[in-house]
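Enquirer: Okay, so here is work-v6.pdb, and as you'll see once you scroll down, it has PDB, C-alpha atoms.
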ATOM      1  CA  MET A  12     243.977 164.694 160.769
ATOM      2  CA  TYR A  13     241.581 167.656 160.772
ATOM      3  CA  PRO A  14     241.409 170.086 157.880
ATOM      4  CA  LYS A  15     242.887 173.500 158.376
ATOM      5  CA  GLY A  16     240.528 175.876 160.089
ATOM      6  CA  LEU A  17     238.126 173.309 161.522
ATOM      7  CA  ARG A  18     239.080 174.171 165.093
ATOM      8  CA  THR A  19     238.577 177.886 164.413
ATOM      9  CA  LEU A  20     235.279 177.140 162.716
ATOM     10  CA  ALA A  21     234.121 175.026 165.674
ATOM     11  CA  LEU A  22     235.058 177.773 168.140
ATOM     12  CA  ALA A  23     233.267 180.391 166.019
ATOM     13  CA  THR A  24     230.200 178.138 165.947
ATOM     14  CA  VAL A  25     230.135 177.706 169.713
ATOM     15  CA  ALA A  26     230.682 181.442 170.296
ATOM     16  CA  THR A  27     227.921 182.421 167.838
ATOM     17  CA  LEU A  28     225.452 179.895 169.235
ATOM     18  CA  VAL A  29     226.117 180.940 172.831
ATOM     19  CA  ALA A  30     225.742 184.606 171.845
ATOM     20  CA  GLY A  31     222.539 183.798 169.950
ATOM     21  CA  PHE A  32     220.970 181.883 172.812
ATOM     22  CA  ALA A  33     221.974 184.632 175.254
ATOM     23  CA  LEU A  34     220.208 187.146 173.002
ATOM     24  CA  VAL A  35     217.144 184.875 172.870
ATOM     25  CA  PHE A  36     216.688 184.917 176.646
ATOM     26  CA  TYR A  37     218.157 188.283 177.665
ATOM     27  CA  PHE A  38     217.699 190.614 174.698
ATOM     28  CA  ALA A  39     214.795 189.613 172.461
ATOM     29  CA  PRO A  40     211.439 190.935 173.693
ATOM     30  CA  LEU A  41     208.578 188.590 174.548
ATOM     31  CA  ASP A  42     206.195 188.062 171.672
ATOM     32  CA  ALA A  43     202.910 189.856 172.355
ATOM     33  CA  ASP A  44     200.884 187.041 170.836
ATOM     34  CA  GLN A  45     202.676 183.822 171.774
ATOM     35  CA  GLY A  46     204.561 184.884 174.867
ATOM     36  CA  PHE A  47     207.542 182.830 176.060
ATOM     37  CA  ILE A  48     207.031 179.826 173.742
ATOM     38  CA  GLN A  49     207.992 182.038 170.800
ATOM     39  CA  LYS A  50     211.617 181.558 172.024
ATOM     40  CA  ILE A  51     211.516 178.147 170.294
ATOM     41  CA  PHE A  52     211.263 180.038 166.997
ATOM     42  CA  TYR A  53     214.931 181.150 167.246
ATOM     43  CA  LEU A  54     216.014 177.513 167.232
ATOM     44  CA  HIS A  55     213.371 175.840 165.096
ATOM     45  CA  VAL A  56     213.211 178.234 162.123
ATOM     46  CA  PRO A  57     216.987 178.603 161.500
ATOM     47  CA  MET A  58     217.379 174.816 161.663
ATOM     48  CA  ALA A  59     214.544 174.334 159.171
ATOM     49  CA  ILE A  60     215.999 176.897 156.749
ATOM     50  CA  VAL A  61     219.531 175.508 157.093
ATOM     51  CA  ALA A  62     218.306 171.915 156.591
ATOM     52  CA  LEU A  63     216.420 172.884 153.419
ATOM     53  CA  VAL A  64     219.374 174.887 152.084
ATOM     54  CA  GLY A  65     221.630 171.921 152.929
ATOM     55  CA  TRP A  66     219.540 169.653 150.727
ATOM     56  CA  VAL A  67     219.830 172.145 147.866
ATOM     57  CA  VAL A  68     223.602 172.285 148.474
ATOM     58  CA  ALA A  69     223.630 168.465 148.220
ATOM     59  CA  ALA A  70     221.995 168.773 144.788
ATOM     60  CA  PHE A  71     224.704 171.253 143.762
ATOM     61  CA  TRP A  72     227.476 168.811 144.713
ATOM     62  CA  ALA A  73     225.593 165.981 143.030
ATOM     63  CA  ILE A  74     225.513 167.969 139.772
ATOM     64  CA  ARG A  75     229.247 168.533 140.084
ATOM     65  CA  HIS A  76     229.743 164.819 140.713
ATOM     66  CA  LEU A  77     227.784 163.829 137.619
ATOM     67  CA  ARG A  78     229.667 166.375 135.513
ATOM     68  CA  SER A  79     233.155 165.496 136.734
ATOM     69  CA  GLY A  80     232.876 161.950 138.112
ATOM     70  CA  ASP A  81     234.931 163.089 141.116
ATOM     71  CA  SER A  82     233.985 160.931 144.111
ATOM     72  CA  ALA A  83     234.842 163.825 146.459
ATOM     73  CA  HIS A  84     231.791 165.690 145.167
ATOM     74  CA  ASP A  85     229.641 162.621 145.792
ATOM     75  CA  ALA A  86     230.969 162.481 149.361
ATOM     76  CA  ARG A  87     230.130 166.170 149.839
ATOM     77  CA  SER A  88     226.617 165.595 148.507
ATOM     78  CA  TYR A  89     226.157 162.603 150.819
ATOM     79  CA  ILE A  90     227.374 164.558 153.837
ATOM     80  CA  ALA A  91     225.175 167.573 153.036
ATOM     81  CA  ILE A  92     222.139 165.282 152.960
ATOM     82  CA  HIS A  93     223.248 163.447 156.091
ATOM     83  CA  VAL A  94     223.771 166.584 158.196
ATOM     84  CA  SER A  95     220.502 168.084 156.918
ATOM     85  CA  VAL A  96     218.613 164.920 157.871
ATOM     86  CA  ILE A  97     219.996 165.254 161.422
ATOM     87  CA  PHE A  98     218.855 168.881 161.422
ATOM     88  CA  GLY A  99     215.512 167.709 160.067
ATOM     89  CA  VAL A 100     215.024 165.438 163.074
ATOM     90  CA  ALA A 101     215.656 168.411 165.375
ATOM     91  CA  VAL A 102     213.262 170.590 163.326
ATOM     92  CA  LEU A 103     210.449 168.033 163.610
ATOM     93  CA  ILE A 104     210.937 167.510 167.348
ATOM     94  CA  THR A 105     211.252 171.205 168.254
ATOM     95  CA  GLY A 106     208.305 172.010 165.963
ATOM     96  CA  ALA A 107     206.179 169.375 167.665
ATOM     97  CA  ILE A 108     207.080 170.788 171.087
ATOM     98  CA  TRP A 109     206.101 174.281 169.932
ATOM     99  CA  ALA A 110     202.842 172.950 168.432
ATOM    100  CA  ARG A 111     201.961 171.200 171.702
ATOM    101  CA  ALA A 112     202.438 174.443 173.613
ATOM    102  CA  ALA A 113     200.738 176.689 171.040
ATOM    103  CA  TRP A 114     197.977 174.493 169.617
ATOM    104  CA  GLY A 115     197.530 171.896 172.346
ATOM    105  CA  HIS A 116     198.524 168.990 170.118
ATOM    106  CA  TRP A 117     201.831 167.694 168.805
ATOM    107  CA  TRP A 118     200.983 167.632 165.129
ATOM    108  CA  SER A 119     198.446 169.013 162.654
ATOM    109  CA  TRP A 120     197.866 167.094 159.440
ATOM    110  CA  ASP A 121     195.932 170.073 158.006
ATOM    111  CA  GLU A 122     198.948 172.307 158.059
ATOM    112  CA  PRO A 123     200.888 172.388 154.742
ATOM    113  CA  THR A 124     204.114 173.690 156.306
ATOM    114  CA  LEU A 125     204.375 170.759 158.695
ATOM    115  CA  VAL A 126     203.258 168.050 156.307
ATOM    116  CA  SER A 127     205.430 169.303 153.446
ATOM    117  CA  PHE A 128     208.523 169.372 155.657
ATOM    118  CA  LEU A 129     207.727 165.846 156.842
ATOM    119  CA  ILE A 130     207.374 164.680 153.220
ATOM    120  CA  VAL A 131     210.717 166.237 152.270
ATOM    121  CA  PHE A 132     212.345 164.744 155.368
ATOM    122  CA  LEU A 133     210.958 161.263 154.645
ATOM    123  CA  LEU A 134     212.028 161.618 151.020
ATOM    124  CA  TYR A 135     215.610 162.176 152.159
ATOM    125  CA  CYS A 136     215.352 159.275 154.622
ATOM    126  CA  THR A 137     214.909 157.006 151.598
ATOM    127  CA  TYR A 138     218.288 158.198 150.297
ATOM    128  CA  TYR A 139     220.132 155.802 152.614
ATOM    129  CA  PRO A 140     218.387 152.532 151.640
ATOM    130  CA  LEU A 141     218.542 153.592 147.986
ATOM    131  CA  ARG A 142     222.240 154.281 148.214
ATOM    132  CA  TYR A 143     223.241 151.225 150.181
ATOM    133  CA  ALA A 144     221.070 148.855 148.172
ATOM    134  CA  ILE A 145     223.557 149.274 145.315
ATOM    135  CA  GLU A 146     226.826 147.384 145.643
ATOM    136  CA  ASP A 147     228.807 148.796 142.766
ATOM    137  CA  ARG A 148     230.466 151.966 144.047
ATOM    138  CA  GLU A 149     230.339 153.908 140.787
ATOM    139  CA  ARG A 150     226.710 153.079 140.162
ATOM    140  CA  GLN A 151     225.856 153.801 143.804
ATOM    141  CA  ALA A 152     227.394 157.265 143.578
ATOM    142  CA  ARG A 153     225.713 157.990 140.240
ATOM    143  CA  TYR A 154     222.242 156.931 141.376
ATOM    144  CA  ALA A 155     222.653 158.793 144.665
ATOM    145  CA  SER A 156     223.563 161.935 142.729
ATOM    146  CA  VAL A 157     220.503 161.627 140.507
ATOM    147  CA  PHE A 158     218.386 161.242 143.643
ATOM    148  CA  ALA A 159     220.050 164.262 145.297
ATOM    149  CA  ILE A 160     219.405 166.443 142.222
ATOM    150  CA  THR A 161     215.775 165.373 141.835
ATOM    151  CA  ALA A 162     214.986 165.744 145.520
ATOM    152  CA  GLY A 163     216.985 168.985 145.686
ATOM    153  CA  ALA A 164     214.834 170.466 142.915
ATOM    154  CA  PHE A 165     211.749 169.376 144.830
ATOM    155  CA  VAL A 166     212.783 171.394 147.920
ATOM    156  CA  PRO A 167     212.302 174.946 146.512
ATOM    157  CA  LEU A 168     209.212 173.871 144.545
ATOM    158  CA  ASN A 169     207.736 172.493 147.726
ATOM    159  CA  PHE A 170     208.621 175.666 149.614
ATOM    160  CA  ILE A 171     206.900 177.856 147.006
ATOM    161  CA  ALA A 172     203.811 175.624 146.990
ATOM    162  CA  VAL A 173     203.534 175.888 150.762
ATOM    163  CA  ARG A 174     203.887 179.674 150.696
ATOM    164  CA  LEU A 175     201.064 179.837 148.171
ATOM    165  CA  ALA A 176     198.829 177.580 150.278
ATOM    166  CA  GLU A 177     195.786 179.108 151.918
ATOM    167  CA  SER A 178     195.959 177.411 155.294
ATOM    168  CA  LEU A 179     198.039 179.636 157.525
ATOM    169  CA  VAL A 180     197.676 178.139 160.973
ATOM    170  CA  HIS A 181     201.458 177.847 161.087
ATOM    171  CA  PRO A 182     202.813 181.359 161.774
ATOM    172  CA  ARG A 183     204.416 183.220 158.842
ATOM    173  CA  THR A 184     207.722 184.082 160.431
ATOM    174  CA  PHE A 185     208.756 186.859 158.086
ATOM    175  CA  ALA A 186     205.308 188.180 157.234
ATOM    176  CA  THR A 187     205.242 191.916 156.833
ATOM    177  CA  ALA A 188     201.469 192.372 156.663
ATOM    178  CA  GLU A 189     201.274 192.961 160.404
ATOM    179  CA  GLY A 190     204.450 194.975 160.663
ATOM    180  CA  GLY A 191     206.868 192.024 160.782
ATOM    181  CA  MET A 192     209.344 191.382 163.575
ATOM    182  CA  PRO A 193     210.779 194.129 165.773
ATOM    183  CA  THR A 194     214.462 194.953 165.233
ATOM    184  CA  LYS A 195     215.565 193.228 168.448
ATOM    185  CA  MET A 196     213.900 190.018 167.321
ATOM    186  CA  TRP A 197     215.503 190.298 163.880
ATOM    187  CA  ILE A 198     218.982 190.781 165.373
ATOM    188  CA  THR A 199     218.485 187.773 167.643
ATOM    189  CA  PHE A 200     217.146 185.671 164.799
ATOM    190  CA  LEU A 201     220.057 186.564 162.509
ATOM    191  CA  VAL A 202     222.665 185.704 165.158
ATOM    192  CA  CYS A 203     220.929 182.363 165.826
ATOM    193  CA  PHE A 204     220.672 181.744 162.097
ATOM    194  CA  ALA A 205     224.403 182.435 161.689
ATOM    195  CA  GLY A 206     225.160 180.065 164.595
ATOM    196  CA  ILE A 207     223.029 177.251 163.191
ATOM    197  CA  GLY A 208     224.486 177.818 159.720
ATOM    198  CA  LEU A 209     228.008 177.652 161.128
ATOM    199  CA  LEU A 210     227.060 174.486 163.028
ATOM    200  CA  TRP A 211     225.937 172.860 159.772
ATOM    201  CA  VAL A 212     229.204 173.809 158.048
ATOM    202  CA  THR A 213     231.269 172.599 161.018
ATOM    203  CA  LEU A 214     229.507 169.232 161.219
ATOM    204  CA  ALA A 215     229.730 168.777 157.450
ATOM    205  CA  ARG A 216     233.472 169.521 157.422
ATOM    206  CA  PHE A 217     234.001 167.288 160.448
ATOM    207  CA  GLU A 218     232.134 164.415 158.748
ATOM    208  CA  LEU A 219     234.049 164.968 155.529
ATOM    209  CA  SER A 220     237.328 164.913 157.413
ATOM    210  CA  ALA A 221     236.409 161.668 159.206
ATOM    211  CA  LYS A 222     235.359 160.053 155.920
ATOM    212  CA  SER A 223     238.518 161.222 154.191
ATOM    213  CA  THR A 224     240.643 159.771 157.012
ATOM    214  CA  SER A 225     238.733 156.460 156.838
ATOM    215  CA  ALA A 226     239.306 156.334 153.080
ATOM    216  CA  ASN A 227     243.017 157.008 153.518
ATOM    217  CA  LEU A 228     243.199 154.289 156.180
ATOM    218  CA  ALA A 229     241.579 151.820 153.819
ATOM    219  CA  ARG A 230     244.109 152.739 151.119
ATOM    220  CA  LEU A 231     246.955 152.302 153.582
ATOM    221  CA  ARG A 232     245.633 148.915 154.641
ATOM    222  CA  ARG A 233     245.349 147.792 151.029
ATOM    223  CA  ALA A 234     248.895 148.981 150.370
ATOM    224  CA  LEU A 235     250.199 147.090 153.398
ATOM    225  CA  ASP A 236     248.268 143.997 152.350
ATOM    226  CA  GLY A 237     249.904 144.239 148.957
ATOM    227  CA  ASP A 238     246.657 144.828 147.078
ATOM    228  CA  ALA A 239     246.587 147.199 144.138
ATOM    229  CA  PRO A 240     245.677 150.645 145.461
ATOM    230  CA  GLU A 241     242.400 152.106 144.328
ATOM    231  CA  ARG A 242     243.081 155.331 142.483
ATOM    232  CA  PRO A 243     241.035 158.291 143.658
ATOM    233  CA  SER A 244     239.196 159.828 140.736
ATOM    234  CA  ALA A 245     240.797 163.262 141.029
ATOM    235  CA  GLY A 246     244.279 161.893 141.559
ATOM    236  CA  ARG A 247     244.379 162.769 145.234
ATOM    237  CA  PRO A 248     243.102 161.176 148.429
ATOM    238  CA  THR A 249     239.416 161.882 148.646
ATOM    239  CA  ALA A 250     236.624 161.107 151.012
ATOM    240  CA  THR A 251     234.423 158.309 149.798
ATOM    241  CA  VAL A 252     231.143 157.159 151.149
ATOM    242  CA  PRO A 253     231.394 153.682 152.687
ATOM    243  CA  VAL A 254     229.842 150.965 150.561
ATOM    244  CA  ARG A 255     227.806 149.261 153.265
ATOM    245  CA  ALA A 256     226.184 146.753 150.942
ATOM    246  CA  THR A 257     229.570 145.111 150.394
ATOM    247  CA  GLN A 258     230.556 145.039 154.028
ATOM    248  CA  SER A 259     230.204 141.770 155.881
TER
ATOM    249  CA  MET B  24     196.500 182.266 170.111
ATOM    250  CA  PRO B  25     196.544 182.982 173.848
ATOM    251  CA  ALA B  26     200.019 183.074 175.376
ATOM    252  CA  LEU B  27     200.817 180.376 177.919
ATOM    253  CA  PRO B  28     201.869 181.549 181.385
ATOM    254  CA  LEU B  29     205.646 181.624 181.841
ATOM    255  CA  ASP B  30     205.786 178.635 184.218
ATOM    256  CA  GLU B  31     203.924 176.461 181.727
ATOM    257  CA  ALA B  32     205.650 177.747 178.583
ATOM    258  CA  GLY B  33     209.056 177.453 180.245
ATOM    259  CA  LYS B  34     209.052 173.668 180.241
ATOM    260  CA  TYR B  35     208.282 173.548 176.495
ATOM    261  CA  VAL B  36     211.018 176.053 175.668
ATOM    262  CA  ALA B  37     213.473 174.196 177.915
ATOM    263  CA  GLY B  38     212.417 170.929 176.280
ATOM    264  CA  ALA B  39     213.050 172.261 172.773
ATOM    265  CA  TYR B  40     216.504 173.609 173.631
ATOM    266  CA  LEU B  41     217.399 170.434 175.554
ATOM    267  CA  VAL B  42     216.424 168.315 172.537
ATOM    268  CA  PHE B  43     218.822 170.392 170.447
ATOM    269  CA  VAL B  44     221.650 169.974 172.964
ATOM    270  CA  ALA B  45     220.905 166.241 173.401
ATOM    271  CA  LEU B  46     220.984 165.632 169.643
ATOM    272  CA  LEU B  47     224.234 167.553 169.386
ATOM    273  CA  LEU B  48     225.791 165.567 172.227
ATOM    274  CA  LEU B  49     224.596 162.295 170.674
ATOM    275  CA  TYR B  50     226.171 163.298 167.379
ATOM    276  CA  VAL B  51     229.446 164.239 169.085
ATOM    277  CA  ALA B  52     229.441 160.917 170.994
ATOM    278  CA  ILE B  53     228.916 158.926 167.779
ATOM    279  CA  MET B  54     231.670 160.873 166.013
ATOM    280  CA  ALA B  55     233.995 160.411 169.003
ATOM    281  CA  ALA B  56     233.428 156.634 168.838
ATOM    282  CA  LYS B  57     234.173 156.705 165.095
ATOM    283  CA  LEU B  58     237.367 158.681 165.646
ATOM    284  CA  GLN B  59     238.470 156.257 168.377
ATOM    285  CA  ARG B  60     238.028 153.392 165.926
ATOM    286  CA  ILE B  61     240.014 155.265 163.284
ATOM    287  CA  GLU B  62     242.798 155.956 165.770
ATOM    288  CA  ARG B  63     242.885 152.289 166.806
ATOM    289  CA  GLU B  64     243.071 151.160 163.186
ATOM    290  CA  LEU B  65     245.772 153.706 162.474
ATOM    291  CA  ARG B  66     247.824 152.420 165.421
ATOM    292  CA  GLU B  67     247.430 148.845 164.163
ATOM    293  CA  LEU B  68     248.553 149.842 160.692
ATOM    294  CA  ALA B  69     251.502 151.806 162.087
ATOM    295  CA  ASP B  70     252.542 148.732 164.105
ATOM    296  CA  ARG B  71     252.264 146.555 161.015
ATOM    297  CA  ALA B  72     254.265 149.036 158.955
ATOM    298  CA  GLU B  73     257.014 149.074 161.575
ATOM    299  CA  GLU B  74     257.080 145.284 161.756
ATOM    300  CA  GLY B  75     257.156 144.997 157.951
ATOM    301  CA  PRO B  76     260.786 145.845 157.112
ATOM    302  CA  ALA B  77     262.146 143.717 159.987
ATOM    303  CA  ALA B  78     260.255 140.629 158.799
TER
END
Can the structure from this file be put into structure tokens for me?
Expert:
Amino acid sequence: MYPKGLRTLALATVATLVAGFALVFYFAPLDADQGFIQKIFYLHVPMAIVALVGWVVAAFWAIRHLRSGDSAHDARSYIAIHVSVIFGVAVLITGAIWARAAWGHWWSWDEPTLVSFLIVFLLYCTYYPLRYAIEDRERQARYASVFAITAGAFVPLNFIAVRLAESLVHPRTFATAEGGMPTKMWITFLVCFAGIGLLWVTLARFELSAKSTSANLARLRRALDGDAPERPSAGRPTATVPVRATQS
Amino acid sequence: MPALPLDEAGKYVAGAYLVFVALLLLYVAIMAAKLQRIERELRELADRAEEGPAA
């Protein structure tokens, strides 16, 4: 039922995350400025980066879907967005917790980094109603791909705009003007980043596997019911995104 | 920004990491429920397939 290597990938993810979190609390030095609350950085920043990269990855798969018409690419694009939205929720919550500890309030509407991430997150939240408002499966996949490409292009543009913004209340994580991060912090950050990246890949592959199995089940049921089987676009069983609008 | 004392900062750091773990557990629970449903459906289909030739 599970694709080859998923178990190994899951174990590698757990091992890397445990190692990363151990480094956070036992290896990385305390930040001279922020103190202990800076430990949230090792969780919050990798998740934010991975979520943003995930949305760009979704755009990549969407382009492939539009070029080939293969529904498997549409499923990959959907899953990349879905997993990144989950990560986005975690980014917003952990960021708010950090802001409460550092600034004394949960949110700052003056801060471009926060507001821009919220806008991108809310943009991707509209993907679901857009997708499931369309009943026809082909049209649904096509429109969803166009959305994923447009929104995916918006992500790096948004990132650049924020970096160019003047308001810098939100810390610049990789700023080098003040010497940047010490080596121990960098090592810890990179291990955490690898762990969070692996977690994204694991969840995406797990979701894809579950969707593929559901699609195969539906085909089996149709075959048993004597209905004409729906041919997968690439001539092989593929994961498809459920068409919720047609479900009773 | 002045650093919070460890006892005060600790609860925020713990909160952030617990949110991460809680979200992960919630996700795993939802996926486990989905997989249970898939397994149940698969069993039903297997039963139907076995009954088919005899009927």
Enquirer: With all atoms listed in the file as the atoms that count, which of A:Val102, A:Leu209, A:Leu125, A:Leu22 lies nearest to chain B?
Expert: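 Residue with the minimum atom-to-atom distance to chain B: A:Val102.
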Enquirer: On this structure, which residues satisfy the ChimeraX specification (/B :<9) & /A, written as a ChimeraX atom specification?
Expert: /A:42-51,54-55,97,100-101,104-106,108-109,111-114,217-218,221,224-225,228,231-232,235
Enquirer: For atom CA of A:Met196 and atom CA of A:Pro167, determine how far apart the two atoms are, in Å to one decimal place.
Expert: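 It comes out at 25.7 Å.
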Enquirer: What does the distance from atom CA of A:Glu149 to atom CA of A:Ala226 come to in Å, to one decimal?
Expert: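 Atom CA of A:Ala226 lies 15.4 Å from atom CA of A:Glu149.
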Enquirer: Report as a ChimeraX atom specification all protein, DNA and RNA residues lying within 9 Å of stretch 29-34 of chain A, evaluated on all atoms listed in the file, omitting residues in the same chain fewer than 4 positions from it.
Expert: /A:24-25,38-39,53-54,195-196,198-206
Enquirer: Could you dump the residues just selected with C-alpha atoms as a PDB file, in the coordinates of the input?
Expert:
ATOM      1  CA  THR A  24     230.200 178.138 165.947  1.00  0.00           C
ATOM      2  CA  VAL A  25     230.135 177.706 169.713  1.00  0.00           C
ATOM      3  CA  PHE A  38     217.699 190.614 174.698  1.00  0.00           C
ATOM      4  CA  ALA A  39     214.795 189.613 172.461  1.00  0.00           C
ATOM      5  CA  TYR A  53     214.931 181.150 167.246  1.00  0.00           C
ATOM      6  CA  LEU A  54     216.014 177.513 167.232  1.00  0.00           C
ATOM      7  CA  LYS A 195     215.565 193.228 168.448  1.00  0.00           C
ATOM      8  CA  MET A 196     213.900 190.018 167.321  1.00  0.00           C
ATOM      9  CA  ILE A 198     218.982 190.781 165.373  1.00  0.00           C
ATOM     10  CA  THR A 199     218.485 187.773 167.643  1.00  0.00           C
ATOM     11  CA  PHE A 200     217.146 185.671 164.799  1.00  0.00           C
ATOM     12  CA  LEU A 201     220.057 186.564 162.509  1.00  0.00           C
ATOM     13  CA  VAL A 202     222.665 185.704 165.158  1.00  0.00           C
ATOM     14  CA  CYS A 203     220.929 182.363 165.826  1.00  0.00           C
ATOM     15  CA  PHE A 204     220.672 181.744 162.097  1.00  0.00           C
ATOM     16  CA  ALA A 205     224.403 182.435 161.689  1.00  0.00           C
ATOM     17  CA  GLY A 206     225.160 180.065 164.595  1.00  0.00           C
TER      18      GLY A 206
END
Enquirer: Identify all residues satisfying the PyMOL selection byres ((chain A and resi 74) around 9) in the given file; provide them as a PDB file with C-alpha atoms, keeping the file's coordinate frame.
Expert:
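Here's the written file result.pdb:
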ATOM      1  CA  ALA A  69     223.630 168.465 148.220  1.00  0.00           C
ATOM      2  CA  ALA A  70     221.995 168.773 144.788  1.00  0.00           C
ATOM      3  CA  PHE A  71     224.704 171.253 143.762  1.00  0.00           C
ATOM      4  CA  TRP A  72     227.476 168.811 144.713  1.00  0.00           C
ATOM      5  CA  ALA A  73     225.593 165.981 143.030  1.00  0.00           C
ATOM      6  CA  ARG A  75     229.247 168.533 140.084  1.00  0.00           C
ATOM      7  CA  HIS A  76     229.743 164.819 140.713  1.00  0.00           C
ATOM      8  CA  LEU A  77     227.784 163.829 137.619  1.00  0.00           C
ATOM      9  CA  ARG A  78     229.667 166.375 135.513  1.00  0.00           C
ATOM     10  CA  SER A  79     233.155 165.496 136.734  1.00  0.00           C
ATOM     11  CA  HIS A  84     231.791 165.690 145.167  1.00  0.00           C
ATOM     12  CA  SER A 156     223.563 161.935 142.729  1.00  0.00           C
ATOM     13  CA  VAL A 157     220.503 161.627 140.507  1.00  0.00           C
ATOM     14  CA  ALA A 159     220.050 164.262 145.297  1.00  0.00           C
ATOM     15  CA  ILE A 160     219.405 166.443 142.222  1.00  0.00           C
TER      16      ILE A 160
END
